[in-house]
Amino acid sequence: MRHILTSIAIGAGALLLAACNGSTNAQSTAGDSSAKEAVAQSDQPIAFDMQQARTAMDAVAFNNPARITPVWSETGDRFAYSYGDSVRVRATDDARLLFELTKTALADELSVSSEDLSIEIDDSASTLTLSAGDRTWTRPLEAEATATETEPKPQAKTVRKMFPMNGYDRRESLSPNGTVFASLDGPDLAIRDVESGEIRRLTNEQEPHILWFHGNDIWENSDTIWNPDGSHFIARRHDSSATPGMLSLDYLEKSERLIDFRYWGRAGDPLPETTLMSVNVETGVLTQLGAPSGNDGHLFFIEWSPNGTSILAVAYSRDLSEQTIFSINAETGEATTLLSRRVERGWVKWPSGPRTIRHLGEDQYLLRSDESGFFNYSILNANGEPVRTLTNGDVDVGSVIGIDEEGGWLYYLAPASADRPYDQIPHRIDLEGGDPQQLASDTGVYSAWLSPSKTHLVWRHSDVDRATQTELATVDGDLVAVIETVETPETILGAPLPEMTVFESFDGTKVHAQILKPAGFDPEKSYPVIHRVYGAMQSKVTRTGFWPETVGWPGSEYNSMLNYFAQEGFVVVLMDPPGTPGRGRDYNLAYWGSWPGDTAEHYAAGLKALGADRPWMDLSRVAVEGNSWGGYVALFTALEKPDVYKASSISVPEVELMDHAHWIEWQMGTPANNPEAYEAGALQNRVDELDVDLMIVAGMNDANVSVSNTMKLLDALAEQGKPYELVIFPGTNHPHQGRGDRYAYAVERIRAFLDESLNQAEPEN
C-alpha cells in the first residue's frame with residue numbers, strides 16, 4: 001500500500017507540473033524546491049492543462065482506493081465495494097474479507113480485455129453487471145460463480161439540454177420495476193417503454209415558454225420521483241410566459257443565434273410558475289397536486305410517503321422569508337398544510353443542502369430547522385404539530401445518515417463542538433429524546449452508511465492534513481476495524497498541505513481561514529499572496545476534509561486552479577468571515593440586506609493578522625480573486641481596500657445587482673423592499689474609485705450571471721478611462737468549460753495577469 005500511494009502522490013505532482021510546462025522531464029522535480037525553476041527554464045510556454053490537473057487531483061483524492069462506497073446486502077450481513085480495479089466483499093460482524101474479484105480475473109472468465117470491461121454492483125450486493133463493448137453479462141456476487149450473457153440494461157437518455165450551464169441537463173428516470181422511463185419529448189412530458197423503446201407523449205404543450213419536467217427543481221434536496229410500487233411519478237409544469245428572458249447571443253454560428261433563457265428570472269421580475277403533478281403510468285392521467293406557485297414564489301417536491309399515497313412539498317415566498325410545508329394526497333391532489341414559518345429578516349432556509357423534512361414512519365415527520373438560531377432536528381406529528389426537539393446545540397447539524405425506527409435512533413452528521421463548526425462527524429440521538437452521542441472521534445468530514453440490520457456503520461473520513469480512511473463500527477460507535485486506508489502525501493501537486501487557522505477580526509469575531517503555501521516552500525523567502533474569495537451566504541470557501549476531496553460543483557476545477565497558483569510560487573489565502581454558512585443563523589445572516597457589508601474589513605484584518613507571524617507572506621503584493629458572487633466580492637473588496645490589494649481578478653462576475661438572477665433577493669431582500677441597497681450595490685457606478693489592476697473573465701452565454709453585467713462594467717470603465725484586461729468566451733457558460741475546456745485557458749490568463757501585477761513590485765524584505 002505504501003508503495004502504491006507514494007507512486008500516486010509523486011505521479012500526481014509530476015503530472016500537473018508536466019501539464020504546466022509541456023515537458024515530460026519535469027517528473028523528477030515534482031514537489032521539489034526547484035519545481036518553479038524547472039518550469040521557467042522549459043522551452044515550452046507555461047500552459048495550464050485542466051484535464052491533466054483533474055486526473056492528478058483525482059489520483060490523490062476521488063480515485064484513491066480508500067475512498068469506497070459500501071453496498072449492503074439486503075440482510076446487512078455483508079457489504080461490497082469497488083476497490084481500485086477489484087470488487088471486495090466483507091462480513092459486517094468483523095469486517096473480514098470474504099473474497100475479492102479482480103477485473104483481470106473477471107475479464108479472463110469472459111475472454112475480453114480488462115481495459116474494455118466495466119463492473120457495476122447491484123443495489124443489493126448480490127449481482128454484478130459486467131459489460132464490454134455491446135455485450136453484457138450478469139454474475140452472482142460470490143467467490144465461485146458463472147456469468148450469464150444478457151441483454152444490456154436499459155440506459156437513461158439525456159432528453160433536454162437545459163441551458164448553457166453545466167450540471168443540470170435532464171435525463172430520463174427509470175421506474176423501480178425497470179419497465180418504463182419517465183421521459184420528455186420536446187417541451188412535453190412522456191413515458192418511454194424500456195422493452196419496445198416506444199415513446200408515449202402525455203401532454204401537448206402549445207404555449208411558448210411552457211416546459212414540462214419529470215422531477216424537481218435544482219434546489220431543494222428531494223427523493224426519487226417514483227412512488228414505491230412504480231405506478232406513479234412526480235412531474236412539474238414550468239410556465240415562464242410572464243418571466244422576461246435572460247437573452248444572450250451565440251456568435252459561433254454562421255449567423256449569430258439569440259438565446260432566450262427563461263428558466264428563472266432577474267431580481268424583481270415575475271418568476272416562472274411551478275405546478276406539481278402526479279402521473280399515473282398506466283393511464284397517463286395527470287393529477288394536479290395542490291395549488292401552483294404563482295409568479296411570486298417557489299414550489300418544490302420533497303418525497304413520497306412510505307405507502308405511496310401522498311407527497312411532501314414545500315413552498316417559499318420569492319425571497320425565502322416564508323415557508324409552507326404541505327402533505328398532498330396523490331389521488332385527489334388535496335393539500336394539507338403541516339407547517340408555516342415566516343421570518344422578518346433573512347430566509348427560513350436556503351433551498352439546498354440537507355433535506356428540510358422527511359417522513360418518520362407513517363404518522364410523524366423529522367424536521368430540520370434553524371428556528372433556534374442553529375439548524376437542529378425535531379419531530380412533528382401527523383398534523384405537523386411539534387412532538388419534541390431532538391438536537392438543541394450551538395452548531396448546525398447536517399445530513400441524516402439513517403433512521404432506526406424500530407430501535408428508536410436517529411443517525412446524523414454534525415460538528416462535535418463550536419470550535420470546529422465545519423466538521424461533519426457521525427452522531428446519534430434517541431428518538432424519544434436525550435443527549436446526542438458522538439460516534440467517531442477523529443476530526444474532519446465524514447460520509448457514513450447505516451447497515452440494513454441497523455447494527456453497524458461504515459464511514460469514511462478525512463481532514464485537511466489527513467487523507468481518506470474507511471472504517472467499520474458498531475452503531476454504538478465502537479470501532480470494529482479499519483477497512484481501507486491510504487498514506488497521506490506530503491504535498492498535493494507539489495504544494496504543502498493546506499494550513500487551517502483561526503484569526504481574530506477587527507470586531508473580535510473568530511474567523512476560520514486556510515493557507516496554501518507555494519511548492520518548494522522556504523520560510524526565509526517572501527511570496528506574493530492571492531486572496532481567493534467568494535463571500536456569498538450559501539457557500540463557504542475554505543475546505544474541510546482532505547483538500548481535493550471536498551470541493552463541490554462543478555468538480556475539482558477550483559481546487560486544481562488554487563494548487564496551480566501555489567505551484568507557481570504564490571501563497572493562496574481563503575477566509576470565511578460573517579455572512580457565510582455553517583456557524584449558525586446570526587453569523588450567516590450578518591449582512592443580509594446590506595451584503596457584502598463589512599466583508600472587506602474582515603478580509604483586510606485577516607490578511608494583517610495572518611501575516612503578522614508569517615513574514616513569508618508579502619502583504620505589499622496581494623491580489624484578490626473570485627468567480628461568480630466571488631467576482632462581485634473581489635471587485636467590491638478592491639474598491640474598498642486599494643491600500644491592501646494591488647490587483648483584482650474577477651471571473652463571471654455580478655456587477656449590477658438588479659441584473660442578477662432572482663436569488664440575489666435571498667440575501668438582499670426584494671428590490672421593492674430594499675431599493676437603496678440595490679442602488680448602492682451597483683459597482684459599475686463606483687469604478688472612478690478603482691485604483692488596482694483589473695482582469696475580467698466572462699462567458700457570452702452565461703445563464704447564471706448574464707454577460708450584461710460585464711458589459712455594464714466595461715462601459716463604465718471606458719467612461720472613466722480605466723484600463724483593464726479582458727478574457728471573454730463566446731458560446732460558453734458560467735464556468736466557461738467545454739469546447740476544448742476554456743476554463744484551462746482562463747486559469748492560465750489569470751495566473752499570468754497576477755504574476756505580472758504582483759511580481760513587478762519588489763518585495764519589502
# chains A, B, ... in the order shown; residues from 1 in each chain; ligands from 1
call {"tool": "residues_around", "arguments": {"residues": "Val89 (chain A)", "least_positions_apart": "2", "cutoff": "7 Å", "atoms": "only C-alpha atoms", "output": "PDB file with all heavy atoms, in the first residue's frame"}}
result
ATOM      1  N   ARG A  78     -23.375  -8.498   5.061  1.00  0.00           N
ATOM      2  CA  ARG A  78     -22.146  -8.274   4.323  1.00  0.00           C
ATOM      3  C   ARG A  78     -22.298  -7.013   3.495  1.00  0.00           C
ATOM      4  O   ARG A  78     -23.414  -6.515   3.274  1.00  0.00           O
ATOM      5  CB  ARG A  78     -21.800  -9.472   3.431  1.00  0.00           C
ATOM      6  CG  ARG A  78     -22.715  -9.656   2.240  1.00  0.00           C
ATOM      7  CD  ARG A  78     -22.256 -10.810   1.359  1.00  0.00           C
ATOM      8  NE  ARG A  78     -22.896 -10.772   0.051  1.00  0.00           N
ATOM      9  CZ  ARG A  78     -22.547 -11.523  -0.985  1.00  0.00           C
ATOM     10  NH1 ARG A  78     -21.564 -12.388  -0.868  1.00  0.00           N
ATOM     11  NH2 ARG A  78     -23.177 -11.410  -2.144  1.00  0.00           N
ATOM     12  N   PHE A  79     -21.184  -6.484   3.017  1.00  0.00           N
ATOM     13  CA  PHE A  79     -21.220  -5.330   2.131  1.00  0.00           C
ATOM     14  C   PHE A  79     -20.116  -5.462   1.092  1.00  0.00           C
ATOM     15  O   PHE A  79     -19.080  -6.098   1.326  1.00  0.00           O
ATOM     16  CB  PHE A  79     -21.097  -4.010   2.907  1.00  0.00           C
ATOM     17  CG  PHE A  79     -19.857  -3.869   3.735  1.00  0.00           C
ATOM     18  CD1 PHE A  79     -18.722  -3.246   3.229  1.00  0.00           C
ATOM     19  CD2 PHE A  79     -19.813  -4.355   5.039  1.00  0.00           C
ATOM     20  CE1 PHE A  79     -17.574  -3.102   4.000  1.00  0.00           C
ATOM     21  CE2 PHE A  79     -18.679  -4.219   5.823  1.00  0.00           C
ATOM     22  CZ  PHE A  79     -17.549  -3.589   5.300  1.00  0.00           C
ATOM     23  N   ALA A  80     -20.376  -4.876  -0.069  1.00  0.00           N
ATOM     24  CA  ALA A  80     -19.438  -4.935  -1.179  1.00  0.00           C
ATOM     25  C   ALA A  80     -19.062  -3.516  -1.584  1.00  0.00           C
ATOM     26  O   ALA A  80     -19.784  -2.558  -1.313  1.00  0.00           O
ATOM     27  CB  ALA A  80     -20.067  -5.675  -2.365  1.00  0.00           C
ATOM     28  N   TYR A  81     -17.912  -3.392  -2.238  1.00  0.00           N
ATOM     29  CA  TYR A  81     -17.492  -2.082  -2.709  1.00  0.00           C
ATOM     30  C   TYR A  81     -16.403  -2.245  -3.765  1.00  0.00           C
ATOM     31  O   TYR A  81     -15.713  -3.275  -3.832  1.00  0.00           O
ATOM     32  CB  TYR A  81     -16.986  -1.213  -1.558  1.00  0.00           C
ATOM     33  CG  TYR A  81     -15.853  -1.803  -0.751  1.00  0.00           C
ATOM     34  CD1 TYR A  81     -14.518  -1.552  -1.073  1.00  0.00           C
ATOM     35  CD2 TYR A  81     -16.115  -2.610   0.354  1.00  0.00           C
ATOM     36  CE1 TYR A  81     -13.484  -2.081  -0.323  1.00  0.00           C
ATOM     37  CE2 TYR A  81     -15.086  -3.151   1.111  1.00  0.00           C
ATOM     38  CZ  TYR A  81     -13.764  -2.885   0.768  1.00  0.00           C
ATOM     39  OH  TYR A  81     -12.738  -3.422   1.507  1.00  0.00           O
ATOM     40  N   VAL A  87     -13.471  -5.812  -6.887  1.00  0.00           N
ATOM     41  CA  VAL A  87     -14.660  -5.754  -6.035  1.00  0.00           C
ATOM     42  C   VAL A  87     -14.352  -6.568  -4.793  1.00  0.00           C
ATOM     43  O   VAL A  87     -13.970  -7.746  -4.882  1.00  0.00           O
ATOM     44  CB  VAL A  87     -15.902  -6.314  -6.748  1.00  0.00           C
ATOM     45  CG1 VAL A  87     -17.078  -6.390  -5.778  1.00  0.00           C
ATOM     46  CG2 VAL A  87     -16.255  -5.459  -7.953  1.00  0.00           C
ATOM     47  N   LEU A  97     -12.404 -10.025   5.154  1.00  0.00           N
ATOM     48  CA  LEU A  97     -12.553 -10.075   3.703  1.00  0.00           C
ATOM     49  C   LEU A  97     -13.047 -11.455   3.304  1.00  0.00           C
ATOM     50  O   LEU A  97     -12.342 -12.451   3.472  1.00  0.00           O
ATOM     51  CB  LEU A  97     -11.221  -9.764   3.022  1.00  0.00           C
ATOM     52  CG  LEU A  97     -11.251  -9.687   1.497  1.00  0.00           C
ATOM     53  CD1 LEU A  97     -12.121  -8.519   1.024  1.00  0.00           C
ATOM     54  CD2 LEU A  97      -9.838  -9.533   0.944  1.00  0.00           C
ATOM     55  N   LEU A  98     -14.269 -11.544   2.801  1.00  0.00           N
ATOM     56  CA  LEU A  98     -14.843 -12.820   2.384  1.00  0.00           C
ATOM     57  C   LEU A  98     -14.242 -13.284   1.068  1.00  0.00           C
ATOM     58  O   LEU A  98     -13.892 -14.453   0.915  1.00  0.00           O
ATOM     59  CB  LEU A  98     -16.364 -12.700   2.278  1.00  0.00           C
ATOM     60  CG  LEU A  98     -17.098 -12.334   3.567  1.00  0.00           C
ATOM     61  CD1 LEU A  98     -18.589 -12.167   3.314  1.00  0.00           C
ATOM     62  CD2 LEU A  98     -16.847 -13.393   4.647  1.00  0.00           C
ATOM     63  N   PHE A  99     -14.134 -12.369   0.115  1.00  0.00           N
ATOM     64  CA  PHE A  99     -13.472 -12.681  -1.147  1.00  0.00           C
ATOM     65  C   PHE A  99     -13.283 -11.390  -1.927  1.00  0.00           C
ATOM     66  O   PHE A  99     -13.853 -10.349  -1.598  1.00  0.00           O
ATOM     67  CB  PHE A  99     -14.262 -13.706  -1.977  1.00  0.00           C
ATOM     68  CG  PHE A  99     -15.647 -13.275  -2.355  1.00  0.00           C
ATOM     69  CD1 PHE A  99     -15.895 -12.587  -3.543  1.00  0.00           C
ATOM     70  CD2 PHE A  99     -16.728 -13.567  -1.525  1.00  0.00           C
ATOM     71  CE1 PHE A  99     -17.176 -12.207  -3.886  1.00  0.00           C
ATOM     72  CE2 PHE A  99     -18.010 -13.185  -1.864  1.00  0.00           C
ATOM     73  CZ  PHE A  99     -18.242 -12.500  -3.050  1.00  0.00           C
ATOM     74  N   GLU A 100     -12.462 -11.479  -2.952  1.00  0.00           N
ATOM     75  CA  GLU A 100     -12.177 -10.336  -3.821  1.00  0.00           C
ATOM     76  C   GLU A 100     -12.167 -10.813  -5.262  1.00  0.00           C
ATOM     77  O   GLU A 100     -11.579 -11.865  -5.571  1.00  0.00           O
ATOM     78  CB  GLU A 100     -10.831  -9.706  -3.456  1.00  0.00           C
ATOM     79  CG  GLU A 100     -10.457  -8.514  -4.325  1.00  0.00           C
ATOM     80  CD  GLU A 100      -9.180  -7.824  -3.841  1.00  0.00           C
ATOM     81  OE1 GLU A 100      -8.522  -8.378  -2.923  1.00  0.00           O
ATOM     82  OE2 GLU A 100      -8.856  -6.753  -4.365  1.00  0.00           O
TER      83      GLU A 100
END
call {"tool": "residues_around", "arguments": {"residues": "Glu207 (chain A)", "least_positions_apart": "5", "cutoff": "10 Å", "atoms": "only C-alpha atoms", "output": "ChimeraX atom specification"}}
result
/A:187,239,241
call {"tool": "write_last_selection", "arguments": {"atoms": "N, CA, C and O atoms", "output": "compact mmCIF listing (two decimals), in the first residue's frame"}}
result
# COMPACT_ATOMS: atom_id res chain seq x y z
N PRO A 187 -41.07 19.94 -25.56
CA PRO A 187 -41.49 20.62 -24.33
C PRO A 187 -42.37 19.75 -23.44
O PRO A 187 -42.71 20.15 -22.33
N ASP A 239 -44.08 27.21 -16.18
CA ASP A 239 -44.64 28.25 -17.04
C ASP A 239 -43.87 29.55 -16.83
O ASP A 239 -43.99 30.22 -15.81
N SER A 241 -44.01 32.13 -19.04
CA SER A 241 -44.56 33.09 -20.00
C SER A 241 -44.43 34.53 -19.51
O SER A 241 -44.23 35.45 -20.31
call {"tool": "closest_residue", "arguments": {"among": "A:Leu726, A:Asp659, A:Asn381, A:Leu390", "to": "Ser369 (chain A)", "atoms": "only C-alpha atoms"}}
result
A:Leu390
call {"tool": "select_by_dssp", "arguments": {"residues": "region 514-645 of chain A", "states": "helix (DSSP H, G or I)", "output": "PyMOL selection string"}}
result
chain A and resi 557-567+585-588+599-612+629-640
call {"tool": "atom_distance", "arguments": {"atom1": "CA of Thr75 (chain A)", "atom2": "CA of Thr455 (chain A)"}}
result
10.9 Å
call {"tool": "residues_around", "arguments": {"residues": "Met537 (chain A)", "least_positions_apart": "3", "cutoff": "7 Å", "atoms": "only C-alpha atoms", "output": "PyMOL selection string"}}
result
chain A and resi 579-581+588+667
call {"tool": "atom_distance", "arguments": {"atom1": "CA of Leu562 (chain A)", "atom2": "CA of Ser620 (chain A)"}}
result
20.3 Å
call {"tool": "residues_around", "arguments": {"residues": "Pro518 (chain A)", "least_positions_apart": "6", "cutoff": "10 Å", "atoms": "only C-alpha atoms", "output": "short mmCIF file (atom, residue, chain, number, x, y, z; two decimals) with C-alpha atoms, in the first residue's frame"}}
result
data_model
loop_
_atom_site.label_atom_id
_atom_site.label_comp_id
_atom_site.auth_asym_id
_atom_site.auth_seq_id
_atom_site.Cartn_x
_atom_site.Cartn_y
_atom_site.Cartn_z
CA GLY A 31 7.15 18.61 -5.23
CA SER A 33 12.04 23.24 -4.35
CA LYS A 36 9.26 26.51 -10.43
CA GLY A 494 3.90 19.73 -5.27
CA ALA A 495 2.50 22.21 -2.73
CA PRO A 496 2.48 21.60 1.06
CA LEU A 497 -0.81 20.51 2.58
CA TYR A 527 5.95 35.28 -1.59
CA PRO A 528 3.15 37.24 -3.27
CA VAL A 529 -0.36 36.46 -1.99
CA ASN A 563 -2.98 24.37 -6.30
CA TYR A 564 -1.64 25.56 -9.64
CA PHE A 565 -1.27 29.06 -8.22
CA ALA A 566 0.59 27.62 -5.23
CA GLN A 567 2.80 25.61 -7.52
CA GLU A 568 3.63 28.79 -9.41
CA GLY A 569 5.02 30.48 -6.33
CA PHE A 570 2.00 32.19 -4.75
CA VAL A 571 0.63 31.95 -1.24
CA VAL A 572 -3.13 31.37 -1.52
#
call {"tool": "residues_around", "arguments": {"residues": "region 134-139 of chain A", "least_positions_apart": "3", "cutoff": "12 Å", "atoms": "only C-alpha atoms", "output": "PyMOL selection string"}}
result
chain A and resi 101+106-107+109-112+116-122+125-131+142-154
call {"tool": "select_by_dssp", "arguments": {"residues": "region 509-653 of chain A", "states": "strand (DSSP E)", "output": "PyMOL selection string"}}
result
chain A and resi 510-516+527-533+571-576+617-627+647-651
